[in-house]
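Enquirer: Structure: final-v1.txt, compact mmCIF, C-alpha atoms.
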# COMPACT_ATOMS: atom_id res chain seq x y z
CA MET A 1 154.75 114.55 133.46
CA TYR A 2 151.18 115.01 134.79
CA LYS A 3 152.50 116.73 137.95
CA ILE A 4 154.42 119.23 135.81
CA LYS A 5 151.38 119.77 133.59
CA ARG A 6 149.25 120.53 136.66
CA GLN A 7 151.62 123.32 137.67
CA ILE A 8 151.79 125.09 134.29
CA PRO A 9 148.86 127.50 134.97
CA ASN A 10 150.40 128.41 138.36
CA ILE A 11 153.82 128.87 136.78
CA LEU A 12 152.25 131.24 134.24
CA SER A 13 150.71 133.25 137.09
CA ILE A 14 154.11 133.52 138.82
CA VAL A 15 155.70 134.55 135.51
CA ARG A 16 152.99 137.23 135.18
CA ILE A 17 153.96 138.71 138.56
CA VAL A 18 157.65 138.80 137.58
CA LEU A 19 156.76 140.37 134.22
CA ALA A 20 154.55 142.93 135.98
CA PHE A 21 157.48 144.31 137.99
CA ALA A 22 159.69 144.39 134.89
CA CYS A 23 156.85 146.23 133.17
CA PHE A 24 156.64 148.80 136.01
CA TYR A 25 160.40 149.39 135.95
CA HIS A 26 160.40 150.33 132.26
CA ALA A 27 157.09 152.24 132.47
CA LEU A 28 158.58 154.70 134.98
CA SER A 29 161.06 155.87 132.34
CA LEU A 30 160.46 158.94 130.16
CA ASN A 31 162.32 157.28 127.30
CA PRO A 32 159.92 156.11 124.51
CA THR A 33 162.10 153.02 123.94
CA ASP A 34 161.74 151.95 127.58
CA ILE A 35 157.99 152.61 127.43
CA ALA A 36 157.78 150.48 124.26
CA ILE A 37 159.63 147.69 126.09
CA SER A 38 157.19 148.06 128.99
CA LEU A 39 154.26 147.76 126.56
CA GLY A 40 155.75 144.60 125.06
CA ILE A 41 156.16 143.08 128.53
CA PHE A 42 152.61 144.13 129.45
CA VAL A 43 151.16 142.42 126.36
CA VAL A 44 153.09 139.20 127.08
CA ALA A 45 151.91 139.30 130.71
CA ALA A 46 148.30 139.88 129.59
CA VAL A 47 148.56 136.88 127.24
CA THR A 48 149.69 134.68 130.16
CA ASP A 49 146.52 135.78 131.98
CA PHE A 50 144.31 134.38 129.22
CA LEU A 51 146.58 131.38 128.67
CA ASP A 52 146.66 130.11 132.27
CA GLY A 53 142.85 130.28 132.49
CA TYR A 54 142.46 128.55 129.14
CA LEU A 55 144.85 125.73 130.08
CA ALA A 56 143.27 125.28 133.52
CA ARG A 57 139.83 124.86 131.89
CA LYS A 58 141.08 122.70 129.03
CA TRP A 59 143.01 120.32 131.28
CA ASN A 60 140.45 120.58 134.11
CA ILE A 61 143.19 121.63 136.51
CA THR A 62 142.27 123.62 139.61
CA SER A 63 144.03 124.20 142.89
CA SER A 64 143.42 126.41 145.91
CA PHE A 65 146.84 127.97 145.37
CA GLY A 66 146.00 128.73 141.75
CA LYS A 67 142.64 130.26 142.67
CA ILE A 68 144.44 132.69 144.97
CA LEU A 69 147.53 133.31 142.82
CA ASP A 70 145.79 133.99 139.49
CA PRO A 71 143.60 136.94 140.57
CA ILE A 72 146.42 138.41 142.66
CA ALA A 73 148.76 138.30 139.64
CA ASP A 74 146.08 139.98 137.50
CA LYS A 75 145.53 142.78 139.99
CA ILE A 76 149.26 143.42 140.46
CA LEU A 77 149.66 143.85 136.70
CA ILE A 78 146.64 146.05 135.96
CA LEU A 79 146.52 148.13 139.15
CA GLY A 80 150.28 148.58 139.25
CA ILE A 81 150.41 150.10 135.78
CA LEU A 82 147.32 152.27 136.44
CA PHE A 83 148.99 153.73 139.52
CA ILE A 84 152.14 154.41 137.49
CA PHE A 85 149.99 156.25 134.93
CA TRP A 86 148.54 158.27 137.81
CA TYR A 87 152.03 158.99 139.15
CA LYS A 88 152.98 160.28 135.71
CA GLY A 89 149.95 162.58 135.68
CA LEU A 90 148.10 160.69 132.95
CA VAL A 91 145.03 159.52 134.88
CA PRO A 92 143.19 160.94 137.92
CA LEU A 93 143.76 159.29 141.29
CA ILE A 94 140.06 159.02 142.19
CA LEU A 95 139.20 156.82 139.18
CA THR A 96 142.29 154.70 139.78
CA ILE A 97 141.23 154.18 143.42
CA ILE A 98 137.64 153.31 142.38
CA ILE A 99 138.92 150.62 140.00
CA ALA A 100 141.42 149.36 142.61
CA PHE A 101 138.72 149.18 145.30
CA ARG A 102 136.45 147.00 143.16
CA GLU A 103 139.28 144.71 142.08
CA ILE A 104 140.73 144.25 145.57
CA LEU A 105 137.33 143.79 147.26
CA LEU A 106 136.19 141.02 144.92
CA THR A 107 139.57 139.30 145.07
CA VAL A 108 139.51 139.33 148.90
CA ILE A 109 135.95 137.91 148.89
CA ARG A 110 136.98 135.08 146.56
CA ILE A 111 140.01 134.29 148.74
CA LEU A 112 137.90 134.28 151.92
CA LEU A 113 135.44 131.88 150.29
CA LEU A 114 138.10 129.33 149.31
CA PRO A 115 138.27 127.56 152.72
CA LYS A 116 134.47 127.23 152.56
CA LYS A 117 134.79 125.43 149.21
CA VAL A 118 132.60 128.06 147.58
CA VAL A 119 133.60 129.12 144.09
CA LEU A 120 131.73 132.05 142.58
CA ALA A 121 131.54 131.71 138.82
CA SER A 122 132.98 134.40 136.60
CA ILE A 123 130.45 136.59 134.86
CA GLN A 124 130.57 137.86 131.29
CA SER A 125 130.78 141.51 132.34
CA GLY A 126 133.86 140.63 134.44
CA LYS A 127 135.59 139.23 131.37
CA PHE A 128 134.58 142.28 129.33
CA LYS A 129 135.91 144.47 132.15
CA THR A 130 139.32 142.79 131.94
CA VAL A 131 139.47 143.29 128.16
CA ALA A 132 138.45 146.96 128.58
CA GLN A 133 141.16 147.55 131.21
CA ILE A 134 143.85 145.91 129.10
CA GLY A 135 142.70 147.85 126.02
CA PHE A 136 142.81 151.14 127.92
CA VAL A 137 146.32 150.48 129.23
CA ILE A 138 147.56 149.67 125.71
CA ILE A 139 146.01 152.91 124.35
CA VAL A 140 147.78 154.96 127.04
CA TYR A 141 151.06 153.18 126.27
CA ILE A 142 150.71 153.99 122.55
CA THR A 143 149.96 157.62 123.44
CA LEU A 144 153.17 157.78 125.50
CA ILE A 145 155.32 156.10 122.85
CA PHE A 146 154.11 158.36 120.03
CA LYS A 147 153.58 161.41 122.24
CA THR A 148 155.62 163.80 120.07
CA SER A 149 153.85 162.83 116.84
CA ILE A 150 150.40 162.84 118.47
CA MET A 151 150.93 166.28 120.06
CA GLN A 152 151.77 167.71 116.62
CA MET A 153 148.33 166.64 115.36
CA ILE A 154 146.19 166.99 118.50
CA SER A 155 146.46 169.43 121.39
CA PRO A 156 147.57 168.00 124.78
CA ALA A 157 144.24 169.08 126.31
CA ILE A 158 142.26 166.97 123.80
CA VAL A 159 144.56 163.97 124.35
CA LYS A 160 144.04 164.28 128.11
CA TYR A 161 140.27 164.57 127.60
CA ILE A 162 140.19 161.42 125.42
CA ILE A 163 142.20 159.45 128.01
CA LEU A 164 139.93 160.69 130.81
CA THR A 165 136.79 159.75 128.84
CA LEU A 166 138.14 156.27 128.12
CA LEU A 167 139.07 155.78 131.77
CA LEU A 168 135.57 156.89 132.84
CA ILE A 169 134.13 154.24 130.52
CA VAL A 170 136.52 151.59 131.92
CA ALA A 171 135.70 152.61 135.51
CA SER A 172 131.96 152.40 134.72
CA ILE A 173 132.35 148.92 133.22
CA THR A 174 134.46 147.90 136.24
CA LEU A 175 131.83 149.16 138.71
CA TYR A 176 128.98 147.58 136.77
CA SER A 177 130.72 144.20 136.70
CA GLY A 178 131.19 144.50 140.49
CA TYR A 179 127.50 145.32 140.94
CA GLU A 180 126.50 142.37 138.74
CA PHE A 181 128.84 140.08 140.69
CA PHE A 182 127.13 140.98 143.98
CA ALA A 183 123.64 140.88 142.45
CA ARG A 184 124.15 137.40 140.99
CA ASN A 185 125.83 135.98 144.09
CA ASN A 186 123.73 137.85 146.67
CA LYS A 187 122.03 134.75 148.10
CA VAL A 188 125.31 132.87 148.47
CA LEU A 189 127.10 135.83 150.06
CA ARG A 190 124.24 136.46 152.53
CA LYS A 191 124.37 132.90 153.83
CA LEU A 192 128.07 133.07 154.52
CA SER A 193 129.60 134.65 157.57
CA PHE A 194 133.24 135.67 157.34
Show me the file's structure as structure tokens.

Expert:
Amino acid sequence: MYKIKRQIPNILSIVRIVLAFACFYHALSLNPTDIAISLGIFVVAAVTDFLDGYLARKWNITSSFGKILDPIADKILILGILFIFWYKGLVPLILTIIIAFREILLTVIRILLLPKKVVLASIQSGKFKTVAQIGFVIIVYITLIFKTSIMQMISPAIVKYIILTLLLIVASITLYSGYEFFARNNKVLRKLSF
């Protein structure tokens, strides 16, 4: 039973990856019903992100595989849907790339540090960043689902401006959390040679 319990956080991460691709499939549709399904899948996947971390801390379960799998699953979900939003013309490519660069860089650093038995603690701004990204994605989903109704009340240009402003805020939070990560772990990172 204990062996199964130890694998639950990793299983949740694997489930998140599977859900992410199901989410992408439905998000590519123009049908509001498919987009609503994609949103539902996204929310379930986001919940597994918080749940696997919570269970790992509560049960004091950590593994090298889990430390690699969890952030990769997170990035697949968030970055995948952001790039789909870009593909659909909802968000600019440059901001999507900026967010992706930060996320991939820090994930690669954490993975490279694993063999050295160095674990860099999560910072509060990183957690806030994740919440901001998830919140932004949900807002864009809702805009897509209720597009017809929203466009009757607000002009498309204003909707686009609001989405752009929100993404700028999310990108700023993402960059700041990356800066804080490097600032707080500067001494550790300087001593290590990759």

Enquirer: Within 10 Å of region 43-49 of chain A, which residues of region 99-184 of chain A show up? Give each one with its shortest atom-to-atom distance in Å (one decimal) and the two atoms involved, counting all atoms listed in the file, rows by chain then rising residue number, as JSON lines.

Expert:
{"residue": "A:Thr130", "atom": "CA", "partner": "A:Ala46", "partner_atom": "CA", "distance": 9.7}
{"residue": "A:Val131", "atom": "CA", "partner": "A:Ala46", "partner_atom": "CA", "distance": 9.6}
{"residue": "A:Ile134", "atom": "CA", "partner": "A:Ala46", "partner_atom": "CA", "distance": 7.5}
{"residue": "A:Val137", "atom": "CA", "partner": "A:Val43", "partner_atom": "CA", "distance": 9.8}
{"residue": "A:Ile138", "atom": "CA", "partner": "A:Val43", "partner_atom": "CA", "distance": 8.1}

Enquirer: What residues have an atom no more than 8 Å from (155.4, 147.3, 131.3) in the file's own frame, counting all atoms listed in the file, and can you write them as a list in words?

Expert: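 The answer, in the requested form, is Leu19, Ala20, Phe21, Ala22, Cys23, Phe24, Tyr25, His26, Ala27, Ile35, Ile37, Ser38, Leu39, Gly40, Ile41, Phe42 and Ile81 of chain A.
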
Enquirer: Rounded to one decimal in Å, what is the spacing between CA of Leu12 (chain A) and CA of Gly53 (chain A)?

Expert: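 If I compute the distance from CA of Leu12 (chain A) to CA of Gly53 (chain A), I get 9.6 Å.
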
Enquirer: From the set A:Ile154, A:Leu164, A:Phe128, A:Arg102, which residue has the shortest atom-to-atom contact distance to Gly178 (chain A), counting all atoms listed in the file?

Expert: A:Arg102

Enquirer: Could you tell me how far CA of Thr143 (chain A) lies from CA of Thr174 (chain A), in Å and to one decimal?

Expert: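 Between CA of Thr143 (chain A) and CA of Thr174 (chain A) the gap is 22.3 Å.
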
Enquirer: Would you please work out which residue, of A:Thr96, A:Met151, A:Ile111, A:Val91, is nearest to Leu79 (chain A) when using all atoms listed in the file?

Expert: A:Thr96

Enquirer: Which of these, A:Val15, A:Leu95, A:Leu175, A:Ile84, has the shortest distance to Asp70 (chain A) once you count only C-alpha atoms?

Expert: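 Smallest distance to Asp70 (chain A) is found for A:Val15.
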
Enquirer: One number please: CA of Gln152 (chain A) to CA of Val140 (chain A), in Å, one decimal.

Expert: 16.9 Å

Enquirer: Give me the region 21-127 of chain A side of the contact with region 168-171 of chain A, cut-off 12 Å, one line per residue showing its nearest atom pair and distance in Å at one decimal, counting only C-alpha atoms, sorted by chain and residue number, as a tab-separated table.

Expert:
residue	atom	partner	partner_atom	distance
A:Leu82	CA	A:Ala171	CA	11.7
A:Val91	CA	A:Leu168	CA	10.0
A:Pro92	CA	A:Leu168	CA	10.0
A:Leu93	CA	A:Ala171	CA	12.0
A:Ile94	CA	A:Ala171	CA	10.2
A:Leu95	CA	A:Ala171	CA	6.6
A:Thr96	CA	A:Ala171	CA	8.1
A:Ile97	CA	A:Ala171	CA	9.8
A:Ile98	CA	A:Ala171	CA	7.2
A:Ile99	CA	A:Ala171	CA	5.9
A:Ala100	CA	A:Ala171	CA	9.7
A:Phe101	CA	A:Ala171	CA	10.8
A:Arg102	CA	A:Ala171	CA	9.5
A:Glu103	CA	A:Ala171	CA	10.9
A:Ser125	CA	A:Val170	CA	11.6
A:Gly126	CA	A:Val170	CA	11.6

Enquirer: In terms of the shortest atom-to-atom distance over all atoms listed in the file, which of A:Ser177, A:Thr33, A:Gln124, A:Ser172 is closest to Ile142 (chain A)?

Expert: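 Answer, going by the shortest atom-to-atom distance: A:Thr33.
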
Enquirer: Could you check the closest approach to Pro32 (chain A) for each of A:Leu166, A:Leu106, A:Leu144, A:Val188 and tell me which residue wins, using all atoms listed in the file?

Expert: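 Residue with the minimum atom-to-atom distance to Pro32 (chain A): A:Leu144.
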
Enquirer: Go through A:Asp34, A:Ile14, A:Ile76, A:Ile162 and flag the residue nearest Asp52 (chain A), using only C-alpha atoms for the distances.

Expert: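 The answer is A:Ile14, which sits nearest to Asp52 (chain A).
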
Enquirer: Please identify all polymer residues within 9 Å of Ser13 (chain A), counting only C-alpha atoms, omitting same-chain residues fewer than 3 positions from it, and present them as a list in words.

Expert: Ile8, Pro9, Asn10, Arg16, Ile17, Val18, Ala45, Thr48, Asp49, Asp52, Gly66, Leu69, Asp70, Pro71, Ile72, Ala73 and Asp74 of chain A

Enquirer: Emit the selected residues as a compact mmCIF listing (two decimals), keeping the file's coordinate frame, including C-alpha atoms.

Expert:
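Okay, result-v8.txt is ready:
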# COMPACT_ATOMS: atom_id res chain seq x y z
CA ILE A 8 151.79 125.09 134.29
CA PRO A 9 148.86 127.50 134.97
CA ASN A 10 150.40 128.41 138.36
CA ARG A 16 152.99 137.23 135.18
CA ILE A 17 153.96 138.71 138.56
CA VAL A 18 157.65 138.80 137.58
CA ALA A 45 151.91 139.30 130.71
CA THR A 48 149.69 134.68 130.16
CA ASP A 49 146.52 135.78 131.98
CA ASP A 52 146.66 130.11 132.27
CA GLY A 66 146.00 128.73 141.75
CA LEU A 69 147.53 133.31 142.82
CA ASP A 70 145.79 133.99 139.49
CA PRO A 71 143.60 136.94 140.57
CA ILE A 72 146.42 138.41 142.66
CA ALA A 73 148.76 138.30 139.64
CA ASP A 74 146.08 139.98 137.50
